[in-house]
file structure.cif (mmCIF, C-alpha atoms, pLDDT in the B column; chains and numbers go by the auth columns)
data_protein
#
loop_
_atom_site.group_PDB
_atom_site.id
_atom_site.type_symbol
_atom_site.label_atom_id
_atom_site.label_comp_id
_atom_site.label_asym_id
_atom_site.label_seq_id
_atom_site.Cartn_x
_atom_site.Cartn_y
_atom_site.Cartn_z
_atom_site.B_iso_or_equiv
_atom_site.auth_seq_id
_atom_site.auth_asym_id
ATOM 1 C CA MET A 1 -20.639 0.238 11.235 55.00 26 A
ATOM 2 C CA VAL A 2 -18.255 2.433 9.236 51.00 27 A
ATOM 3 C CA LYS A 3 -15.964 4.591 11.382 49.00 28 A
ATOM 4 C CA GLU A 4 -16.131 7.575 9.009 50.00 29 A
ATOM 5 C CA GLN A 5 -14.341 9.754 11.503 68.00 30 A
ATOM 6 C CA LYS A 6 -11.183 7.718 10.968 93.00 31 A
ATOM 7 C CA ALA A 7 -10.159 7.253 7.357 96.00 32 A
ATOM 8 C CA LEU A 8 -7.172 5.653 5.694 96.00 33 A
ATOM 9 C CA ALA A 9 -5.935 7.457 2.585 96.00 34 A
ATOM 10 C CA CYS A 10 -3.941 5.632 -0.074 96.00 35 A
ATOM 11 C CA MET A 11 -2.096 7.265 -2.956 95.00 36 A
ATOM 12 C CA LEU A 12 -1.128 5.037 -5.876 96.00 37 A
ATOM 13 C CA PHE A 13 1.659 6.139 -8.212 95.00 38 A
ATOM 14 C CA SER A 14 2.167 2.922 -10.227 94.00 39 A
ATOM 15 C CA GLY A 15 -0.017 1.228 -12.807 95.00 40 A
ATOM 16 C CA PRO A 16 -1.384 -2.277 -12.276 95.00 41 A
ATOM 17 C CA TYR A 17 0.394 -5.493 -13.367 93.00 42 A
ATOM 18 C CA GLY A 18 3.861 -3.959 -13.874 89.00 43 A
ATOM 19 C CA SER A 19 4.348 -4.172 -10.128 90.00 44 A
ATOM 20 C CA GLN A 20 2.355 -5.300 -7.091 92.00 45 A
ATOM 21 C CA ASP A 21 1.796 -1.780 -5.756 94.00 46 A
ATOM 22 C CA ALA A 22 -1.831 -1.590 -6.915 97.00 47 A
ATOM 23 C CA ASP A 23 -2.608 -5.109 -5.613 96.00 48 A
ATOM 24 C CA ILE A 24 -1.120 -4.413 -2.197 96.00 49 A
ATOM 25 C CA MET A 25 -2.891 -1.061 -1.925 97.00 50 A
ATOM 26 C CA ALA A 26 -6.222 -2.667 -2.837 98.00 51 A
ATOM 27 C CA ARG A 27 -5.726 -5.540 -0.349 97.00 52 A
ATOM 28 C CA ILE A 28 -5.009 -3.120 2.513 98.00 53 A
ATOM 29 C CA ALA A 29 -7.798 -0.707 1.512 98.00 54 A
ATOM 30 C CA GLU A 30 -10.408 -3.470 1.303 98.00 55 A
ATOM 31 C CA ARG A 31 -9.327 -4.897 4.661 98.00 56 A
ATOM 32 C CA ALA A 32 -9.608 -1.420 6.226 97.00 57 A
ATOM 33 C CA LEU A 33 -13.194 -1.135 4.947 97.00 58 A
ATOM 34 C CA ASP A 34 -14.002 -4.611 6.275 97.00 59 A
ATOM 35 C CA MET A 35 -12.686 -3.479 9.667 96.00 60 A
ATOM 36 C CA GLY A 36 -15.004 -0.462 9.659 96.00 61 A
ATOM 37 C CA TYR A 37 -12.643 2.353 8.647 96.00 62 A
ATOM 38 C CA GLY A 38 -13.261 4.866 5.904 96.00 63 A
ATOM 39 C CA VAL A 39 -11.033 4.583 2.830 96.00 64 A
ATOM 40 C CA LYS A 40 -10.012 7.246 0.352 96.00 65 A
ATOM 41 C CA ILE A 41 -7.875 6.404 -2.664 97.00 66 A
ATOM 42 C CA PHE A 42 -6.219 8.812 -5.070 97.00 67 A
ATOM 43 C CA LEU A 43 -4.685 7.574 -8.325 97.00 68 A
ATOM 44 C CA TYR A 44 -1.837 9.699 -9.635 96.00 69 A
ATOM 45 C CA GLY A 45 0.698 9.458 -12.460 95.00 70 A
ATOM 46 C CA ASP A 46 0.693 5.963 -13.972 96.00 71 A
ATOM 47 C CA GLY A 47 -1.519 4.962 -11.048 97.00 72 A
ATOM 48 C CA VAL A 48 -4.494 6.260 -13.091 97.00 73 A
ATOM 49 C CA HIS A 49 -4.212 3.144 -15.293 97.00 74 A
ATOM 50 C CA ALA A 50 -5.788 1.242 -12.401 98.00 75 A
ATOM 51 C CA GLN A 51 -9.092 2.945 -13.389 98.00 76 A
ATOM 52 C CA MET A 52 -9.216 1.337 -16.864 97.00 77 A
ATOM 53 C CA SER A 53 -12.488 -0.515 -17.356 97.00 78 A
ATOM 54 C CA GLY A 54 -12.566 -4.070 -18.717 96.00 79 A
ATOM 55 C CA GLN A 55 -9.369 -5.314 -17.076 96.00 80 A
ATOM 56 C CA ARG A 56 -9.025 -9.045 -17.618 96.00 81 A
ATOM 57 C CA PRO A 57 -5.667 -10.283 -16.335 94.00 82 A
ATOM 58 C CA LYS A 58 -5.274 -14.022 -16.910 92.00 83 A
ATOM 59 C CA ALA A 59 -3.200 -14.923 -13.869 88.00 84 A
ATOM 60 C CA PHE A 60 -2.947 -11.806 -11.719 90.00 85 A
ATOM 61 C CA PHE A 61 -5.078 -10.189 -9.040 94.00 86 A
ATOM 62 C CA ASN A 62 -7.721 -8.101 -10.895 97.00 87 A
ATOM 63 C CA VAL A 63 -7.143 -4.523 -9.761 97.00 88 A
ATOM 64 C CA GLY A 64 -10.216 -3.154 -11.572 97.00 89 A
ATOM 65 C CA ASP A 65 -12.510 -5.649 -9.829 98.00 90 A
ATOM 66 C CA ALA A 66 -10.879 -4.773 -6.504 98.00 91 A
ATOM 67 C CA LEU A 67 -11.534 -1.046 -7.007 98.00 92 A
ATOM 68 C CA GLU A 68 -15.177 -1.793 -7.807 98.00 93 A
ATOM 69 C CA ARG A 69 -15.497 -3.866 -4.621 98.00 94 A
ATOM 70 C CA ILE A 70 -13.852 -1.086 -2.618 98.00 95 A
ATOM 71 C CA ALA A 71 -16.278 1.515 -4.022 98.00 96 A
ATOM 72 C CA LYS A 72 -19.267 -0.755 -3.310 98.00 97 A
ATOM 73 C CA LYS A 73 -18.116 -1.081 0.292 97.00 98 A
ATOM 74 C CA GLY A 74 -18.014 2.706 0.641 96.00 99 A
ATOM 75 C CA GLY A 75 -14.495 3.589 -0.450 96.00 100 A
ATOM 76 C CA ASN A 76 -14.033 6.954 -2.148 95.00 101 A
ATOM 77 C CA ILE A 77 -11.783 6.619 -5.218 97.00 102 A
ATOM 78 C CA LYS A 78 -10.582 9.566 -7.266 97.00 103 A
ATOM 79 C CA SER A 79 -7.991 9.902 -9.994 97.00 104 A
ATOM 80 C CA CYS A 80 -6.045 12.942 -11.141 96.00 105 A
ATOM 81 C CA VAL A 81 -7.605 14.698 -14.140 96.00 106 A
ATOM 82 C CA ARG A 82 -4.316 15.920 -15.612 95.00 107 A
ATOM 83 C CA CYS A 83 -2.728 12.464 -15.334 96.00 108 A
ATOM 84 C CA SER A 84 -5.880 10.889 -16.813 97.00 109 A
ATOM 85 C CA GLU A 85 -6.061 13.360 -19.695 97.00 110 A
ATOM 86 C CA ALA A 86 -2.389 12.839 -20.512 97.00 111 A
ATOM 87 C CA ARG A 87 -3.032 9.080 -20.769 97.00 112 A
ATOM 88 C CA GLY A 88 -6.135 9.375 -22.944 97.00 113 A
ATOM 89 C CA TYR A 89 -8.906 8.681 -20.454 97.00 114 A
ATOM 90 C CA LEU A 90 -10.980 11.850 -20.948 96.00 115 A
ATOM 91 C CA ASP A 91 -13.924 12.175 -23.359 94.00 116 A
ATOM 92 C CA GLY A 92 -15.283 15.495 -22.174 88.00 117 A
ATOM 93 C CA GLY A 93 -15.358 18.186 -19.556 93.00 118 A
ATOM 94 C CA TYR A 94 -16.497 18.226 -15.971 93.00 119 A
ATOM 95 C CA ASP A 95 -19.907 16.708 -15.241 92.00 120 A
ATOM 96 C CA ASP A 96 -21.357 18.760 -12.371 93.00 121 A
ATOM 97 C CA ASP A 97 -24.179 16.313 -11.677 92.00 122 A
ATOM 98 C CA ASN A 98 -21.865 13.348 -11.170 89.00 123 A
ATOM 99 C CA GLU A 99 -18.914 15.377 -9.834 90.00 124 A
ATOM 100 C CA ARG A 100 -16.377 13.885 -12.201 93.00 125 A
ATOM 101 C CA TYR A 101 -14.784 14.411 -15.581 95.00 126 A
ATOM 102 C CA ILE A 102 -16.396 12.391 -18.345 94.00 127 A
ATOM 103 C CA SER A 103 -14.658 9.196 -19.388 95.00 128 A
ATOM 104 C CA SER A 104 -15.991 6.121 -21.178 95.00 129 A
ATOM 105 C CA LYS A 105 -12.756 4.249 -20.475 97.00 130 A
ATOM 106 C CA SER A 106 -12.747 4.603 -16.723 97.00 131 A
ATOM 107 C CA LEU A 107 -14.501 2.418 -14.148 97.00 132 A
ATOM 108 C CA ASP A 108 -17.674 3.913 -12.650 96.00 133 A
ATOM 109 C CA ALA A 109 -16.081 3.264 -9.274 97.00 134 A
ATOM 110 C CA VAL A 110 -13.416 5.909 -9.957 97.00 135 A
ATOM 111 C CA ARG A 111 -14.143 9.629 -10.256 97.00 136 A
ATOM 112 C CA ILE A 112 -11.694 11.580 -12.396 97.00 137 A
ATOM 113 C CA TYR A 113 -11.174 14.741 -10.406 95.00 138 A
ATOM 114 C CA SER A 114 -8.985 17.761 -9.850 93.00 139 A
ATOM 115 C CA LEU A 115 -5.787 17.337 -7.841 89.00 140 A
ATOM 116 C CA TYR A 116 -7.582 19.381 -5.163 89.00 141 A
ATOM 117 C CA GLY A 117 -9.393 16.125 -4.426 87.00 142 A
ATOM 118 C CA PHE A 118 -6.146 14.851 -3.009 88.00 143 A
ATOM 119 C CA ILE A 119 -5.830 17.890 -0.760 89.00 144 A
ATOM 120 C CA ASP A 120 -9.297 17.191 0.658 87.00 145 A
ATOM 121 C CA MET A 121 -8.262 13.582 1.160 88.00 146 A
ATOM 122 C CA ILE A 122 -5.160 14.572 3.141 87.00 147 A
ATOM 123 C CA LYS A 123 -7.228 16.962 5.237 88.00 148 A
ATOM 124 C CA ASP A 124 -9.714 14.271 6.232 86.00 149 A
ATOM 125 C CA ALA A 125 -7.448 11.238 6.572 94.00 150 A
ATOM 126 C CA HIS A 126 -6.050 9.836 9.803 94.00 151 A
ATOM 127 C CA THR A 127 -3.149 8.123 8.009 94.00 152 A
ATOM 128 C CA ILE A 128 -1.778 8.289 4.475 94.00 153 A
ATOM 129 C CA LEU A 129 -0.037 5.375 2.765 95.00 154 A
ATOM 130 C CA THR A 130 1.763 5.778 -0.549 94.00 155 A
ATOM 131 C CA PHE A 131 2.341 2.964 -3.019 94.00 156 A
ATOM 132 C CA GLY A 132 4.704 2.938 -5.974 89.00 157 A
ATOM 133 C CA SER A 133 6.769 5.737 -7.398 73.00 158 A
ATOM 134 C CA THR A 134 6.413 8.364 -10.090 52.00 159 A
ATOM 135 C CA MET B 1 7.370 5.712 23.436 87.00 12 B
ATOM 136 C CA LYS B 2 6.778 6.829 19.844 93.00 13 B
ATOM 137 C CA LYS B 3 5.909 4.086 17.402 95.00 14 B
ATOM 138 C CA VAL B 4 6.918 4.004 13.748 95.00 15 B
ATOM 139 C CA CYS B 5 5.578 1.503 11.193 96.00 16 B
ATOM 140 C CA MET B 6 7.581 0.775 8.069 94.00 17 B
ATOM 141 C CA LEU B 7 5.951 -0.897 5.093 94.00 18 B
ATOM 142 C CA ILE B 8 8.248 -2.594 2.556 92.00 19 B
ATOM 143 C CA THR B 9 6.725 -3.838 -0.703 92.00 20 B
ATOM 144 C CA LYS B 10 9.886 -4.071 -2.788 89.00 21 B
ATOM 145 C CA PRO B 11 12.475 -6.888 -2.898 89.00 22 B
ATOM 146 C CA PRO B 12 16.025 -6.455 -1.637 87.00 23 B
ATOM 147 C CA HIS B 13 18.731 -5.604 -4.199 81.00 24 B
ATOM 148 C CA SER B 14 16.301 -4.220 -6.830 78.00 25 B
ATOM 149 C CA GLY B 15 16.669 -0.687 -5.492 76.00 26 B
ATOM 150 C CA GLU B 16 17.706 1.175 -2.394 76.00 27 B
ATOM 151 C CA GLY B 17 14.332 1.333 -0.642 74.00 28 B
ATOM 152 C CA ALA B 18 14.360 -1.928 1.304 77.00 29 B
ATOM 153 C CA GLU B 19 18.013 -1.546 2.258 77.00 30 B
ATOM 154 C CA ARG B 20 17.539 2.007 3.542 79.00 31 B
ATOM 155 C CA LEU B 21 14.401 1.256 5.501 79.00 32 B
ATOM 156 C CA CYS B 22 15.821 -1.872 7.136 80.00 33 B
ATOM 157 C CA GLY B 23 18.982 0.106 7.884 81.00 34 B
ATOM 158 C CA ILE B 24 17.291 3.040 9.600 87.00 35 B
ATOM 159 C CA SER B 25 14.970 0.801 11.622 90.00 36 B
ATOM 160 C CA ALA B 26 17.720 -0.223 14.040 88.00 37 B
ATOM 161 C CA HIS B 27 18.771 3.412 14.448 88.00 38 B
ATOM 162 C CA ALA B 28 15.173 4.406 15.179 91.00 39 B
ATOM 163 C CA ARG B 29 15.015 1.631 17.784 91.00 40 B
ATOM 164 C CA ALA B 30 18.298 2.746 19.336 90.00 41 B
ATOM 165 C CA GLY B 31 16.823 6.251 19.467 91.00 42 B
ATOM 166 C CA GLY B 32 14.074 4.980 21.748 93.00 43 B
ATOM 167 C CA MET B 33 11.312 4.339 19.230 94.00 44 B
ATOM 168 C CA GLU B 34 9.130 1.272 18.958 96.00 45 B
ATOM 169 C CA VAL B 35 9.606 0.031 15.392 96.00 46 B
ATOM 170 C CA VAL B 36 7.669 -2.466 13.293 97.00 47 B
ATOM 171 C CA ILE B 37 8.659 -3.463 9.758 96.00 48 B
ATOM 172 C CA TYR B 38 5.884 -4.992 7.662 97.00 49 B
ATOM 173 C CA LEU B 39 6.996 -7.093 4.691 96.00 50 B
ATOM 174 C CA ILE B 40 4.341 -7.651 2.033 96.00 51 B
ATOM 175 C CA GLY B 41 4.392 -8.632 -1.647 94.00 52 B
ATOM 176 C CA ASP B 42 7.975 -8.910 -2.917 93.00 53 B
ATOM 177 C CA GLY B 43 9.041 -7.190 0.308 93.00 54 B
ATOM 178 C CA VAL B 44 8.869 -10.594 2.050 96.00 55 B
ATOM 179 C CA LEU B 45 12.086 -11.559 0.255 94.00 56 B
ATOM 180 C CA CYS B 46 13.874 -9.289 2.752 93.00 57 B
ATOM 181 C CA ALA B 47 13.060 -11.963 5.367 94.00 58 B
ATOM 182 C CA LYS B 48 14.958 -14.749 3.554 94.00 59 B
ATOM 183 C CA ARG B 49 17.352 -16.442 5.981 94.00 60 B
ATOM 184 C CA ASN B 50 21.156 -16.100 5.790 91.00 61 B
ATOM 185 C CA GLN B 51 21.325 -13.328 3.204 89.00 62 B
ATOM 186 C CA THR B 52 24.884 -12.027 2.995 88.00 63 B
ATOM 187 C CA GLY B 53 24.073 -8.610 1.491 84.00 64 B
ATOM 188 C CA HIS B 54 23.262 -5.350 3.244 85.00 65 B
ATOM 189 C CA VAL B 55 19.548 -6.105 3.596 86.00 66 B
ATOM 190 C CA GLY B 56 20.193 -9.442 5.320 87.00 67 B
ATOM 191 C CA HIS B 57 22.638 -7.763 7.692 87.00 68 B
ATOM 192 C CA HIS B 58 20.185 -4.943 8.446 88.00 69 B
ATOM 193 C CA VAL B 59 17.300 -7.349 9.107 91.00 70 B
ATOM 194 C CA GLN B 60 19.448 -9.463 11.444 92.00 71 B
ATOM 195 C CA THR B 61 20.660 -6.327 13.257 91.00 72 B
ATOM 196 C CA ALA B 62 17.142 -4.899 13.479 92.00 73 B
ATOM 197 C CA LEU B 63 15.814 -8.126 15.021 94.00 74 B
ATOM 198 C CA ALA B 64 18.714 -8.229 17.507 93.00 75 B
ATOM 199 C CA LYS B 65 17.963 -4.632 18.537 93.00 76 B
ATOM 200 C CA GLY B 66 14.286 -5.366 19.187 94.00 77 B
ATOM 201 C CA VAL B 67 12.675 -4.241 15.954 95.00 78 B
ATOM 202 C CA GLU B 68 9.525 -6.255 15.265 96.00 79 B
ATOM 203 C CA VAL B 69 9.593 -7.749 11.746 96.00 80 B
ATOM 204 C CA VAL B 70 6.281 -9.079 10.442 98.00 81 B
ATOM 205 C CA ALA B 71 5.932 -10.836 7.070 97.00 82 B
ATOM 206 C CA SER B 72 2.930 -12.035 5.082 98.00 83 B
ATOM 207 C CA ARG B 73 2.756 -15.828 5.294 97.00 84 B
ATOM 208 C CA ASP B 74 0.823 -16.088 2.025 96.00 85 B
ATOM 209 C CA ASP B 75 3.348 -13.948 0.161 96.00 86 B
ATOM 210 C CA LEU B 76 6.261 -16.001 1.578 97.00 87 B
ATOM 211 C CA LEU B 77 4.649 -19.308 0.605 97.00 88 B
ATOM 212 C CA ALA B 78 3.784 -17.923 -2.853 95.00 89 B
ATOM 213 C CA ARG B 79 7.546 -17.398 -3.327 96.00 90 B
ATOM 214 C CA GLY B 80 8.428 -20.882 -2.071 96.00 91 B
ATOM 215 C CA LEU B 81 9.712 -19.725 1.301 95.00 92 B
ATOM 216 C CA ALA B 82 8.757 -21.948 4.230 94.00 93 B
ATOM 217 C CA GLU B 83 9.229 -21.008 7.894 92.00 94 B
ATOM 218 C CA THR B 84 12.612 -22.752 8.049 95.00 95 B
ATOM 219 C CA GLN B 85 13.909 -20.496 5.270 96.00 96 B
ATOM 220 C CA VAL B 86 12.929 -17.295 7.037 96.00 97 B
ATOM 221 C CA GLU B 87 15.232 -15.342 9.356 95.00 98 B
ATOM 222 C CA PRO B 88 14.584 -16.494 12.958 96.00 99 B
ATOM 223 C CA GLY B 89 12.583 -13.880 14.814 96.00 100 B
ATOM 224 C CA VAL B 90 10.520 -12.798 11.805 97.00 101 B
ATOM 225 C CA GLU B 91 6.827 -13.261 12.575 97.00 102 B
ATOM 226 C CA MET B 92 4.826 -14.860 9.752 97.00 103 B
ATOM 227 C CA VAL B 93 1.164 -13.799 9.825 97.00 104 B
ATOM 228 C CA GLU B 94 -1.940 -14.786 7.853 96.00 105 B
ATOM 229 C CA ASP B 95 -3.801 -11.486 7.985 97.00 106 B
ATOM 230 C CA ILE B 96 -1.031 -8.983 7.411 97.00 107 B
ATOM 231 C CA GLU B 97 -3.455 -6.454 5.921 97.00 108 B
ATOM 232 C CA GLY B 98 -5.463 -6.470 9.165 98.00 109 B
ATOM 233 C CA ARG B 99 -2.295 -6.099 11.256 97.00 110 B
ATOM 234 C CA ILE B 100 -1.115 -3.173 9.139 98.00 111 B
ATOM 235 C CA VAL B 101 -4.496 -1.410 9.253 97.00 112 B
ATOM 236 C CA THR B 102 -4.803 -1.802 13.028 97.00 113 B
ATOM 237 C CA ASP B 103 -1.281 -0.548 13.607 97.00 114 B
ATOM 238 C CA VAL B 104 -1.325 2.447 11.262 97.00 115 B
ATOM 239 C CA MET B 105 -4.817 3.524 12.341 96.00 116 B
ATOM 240 C CA GLU B 106 -4.608 2.906 16.088 96.00 117 B
ATOM 241 C CA HIS B 107 -1.024 2.717 17.325 96.00 118 B
ATOM 242 C CA ALA B 108 1.541 4.297 15.023 95.00 119 B
ATOM 243 C CA ASP B 109 2.794 7.839 15.419 93.00 120 B
ATOM 244 C CA ARG B 110 4.550 7.716 12.051 92.00 121 B
ATOM 245 C CA VAL B 111 4.158 5.509 8.970 93.00 122 B
ATOM 246 C CA ILE B 112 6.733 5.121 6.213 90.00 123 B
ATOM 247 C CA SER B 113 5.975 3.100 3.087 86.00 124 B
ATOM 248 C CA TRP B 114 8.591 2.226 0.526 79.00 125 B
#

call {"tool": "encode", "arguments": {"input": "structure.cif", "output": "structure tokens"}}
result
Amino acid sequence: MVKEQKALACMLFSGPYGSQDADIMARIAERALDMGYGVKIFLYGDGVHAQMSGQRPKAFFNVGDALERIAKKGGNIKSCVRCSEARGYLDGGYDDDNERYISSKSLDAVRIYSLYGFIDMIKDAHTILTFGST
Amino acid sequence: MKKVCMLITKPPHSGEGAERLCGISAHARAGGMEVVIYLIGDGVLCAKRNQTGHVGHHVQTALAKGVEVVASRDDLLARGLAETQVEPGVEMVEDIEGRIVTDVMEHADRVISW
């Protein structure tokens, strides 16, 4: 049973593979879901690179696969629209039906969203963990 | 007693984060707080035994003052560090993610990640 009333929020500032920040965040977030907590993740700055679809690291923990597992288990993953646009992830404007900005390069598991999404996340979270640096 | 959890993911000597956090942990303990340092990823290198730098000194002091230091066993072994090479008093755990989640969601009053 998911304890939706108690959610862990994670903010990721670093991209995958250059450091372990994304791996560690994903490991903790997935464990929290397995333990029945809600999980909300916000990707910011270079952290938005974790949303890239088709990641195929040869020897490292696959961050893209981890985010997909987290979303399947009920995790809510958003990434900053301004950070995503700056890094070339956007193909179009806001899609009202799917509540996300349009991107063919981003994982389905991640919704590109306004920074206000992070404010909502803070409001609802019991605890916030930050990973990496801008 | 207030409880603070500190999460260190960075190695010692590659920046100031690990050194600062290990350093303030003993002060927080002396100030009457319950303090736990979690070492995960490259952060486990802070637990290496007999380090002569600031981080080694801070970890030894923190342990002597009653700070709980918990390190990921898998991350230590991945870096070639067996139990005998870890500072005495550091707890090596299998499921560090579960320990962190339980602590930050159920017990901690403050959480600092670095």

call {"tool": "resolve_selection", "arguments": {"input": "structure.cif", "expression": "the PyMOL selection byres ((chain B) within 12 of (chain A))", "output": "MDAnalysis selection string"}}
result
chainID B and resid 16:22 26 28 50:54 83 86 106:125

call {"tool": "resolve_selection", "arguments": {"input": "structure.cif", "expression": "the PyMOL selection byres ((chain A and resi 86) around 10)", "output": "PDB file with C-alpha atoms, in the frame of the given file"}}
result
ATOM      1  CA  PRO A  41      -1.384  -2.277 -12.276  1.00 95.00           C
ATOM      2  CA  TYR A  42       0.394  -5.493 -13.367  1.00 93.00           C
ATOM      3  CA  GLN A  45       2.355  -5.300  -7.091  1.00 92.00           C
ATOM      4  CA  ALA A  47      -1.831  -1.590  -6.915  1.00 97.00           C
ATOM      5  CA  ASP A  48      -2.608  -5.109  -5.613  1.00 96.00           C
ATOM      6  CA  ILE A  49      -1.120  -4.413  -2.197  1.00 96.00           C
ATOM      7  CA  ALA A  51      -6.222  -2.667  -2.837  1.00 98.00           C
ATOM      8  CA  ARG A  52      -5.726  -5.540  -0.349  1.00 97.00           C
ATOM      9  CA  ARG A  81      -9.025  -9.045 -17.618  1.00 96.00           C
ATOM     10  CA  PRO A  82      -5.667 -10.283 -16.335  1.00 94.00           C
ATOM     11  CA  LYS A  83      -5.274 -14.022 -16.910  1.00 92.00           C
ATOM     12  CA  ALA A  84      -3.200 -14.923 -13.869  1.00 88.00           C
ATOM     13  CA  PHE A  85      -2.947 -11.806 -11.719  1.00 90.00           C
ATOM     14  CA  ASN A  87      -7.721  -8.101 -10.895  1.00 97.00           C
ATOM     15  CA  VAL A  88      -7.143  -4.523  -9.761  1.00 97.00           C
ATOM     16  CA  GLY A  89     -10.216  -3.154 -11.572  1.00 97.00           C
ATOM     17  CA  ASP A  90     -12.510  -5.649  -9.829  1.00 98.00           C
ATOM     18  CA  ALA A  91     -10.879  -4.773  -6.504  1.00 98.00           C
TER      19      ALA A  91
END

call {"tool": "residues_around", "arguments": {"input": "structure.cif", "residues": "Arg60 (chain B)", "least_positions_apart": "4", "cutoff": "6 Å", "atoms": "all atoms listed in the file", "output": "list in words"}}
result
Gln96, Val97 and Glu98 of chain B

call {"tool": "residues_near_point", "arguments": {"input": "structure.cif", "point": "(-6.2, 15.5, 2.3)", "cutoff": "12 Å", "atoms": "only C-alpha atoms", "output": "count of residues only"}}
result
24

call {"tool": "residues_around", "arguments": {"input": "structure.cif", "residues": "Arg90 (chain B)", "least_positions_apart": "2", "cutoff": "9 Å", "atoms": "all atoms listed in the file", "output": "list in words"}}
result
Asp53, Val55, Leu56, Asp85, Asp86, Leu87, Leu88, Leu92 and Ala93 of chain B
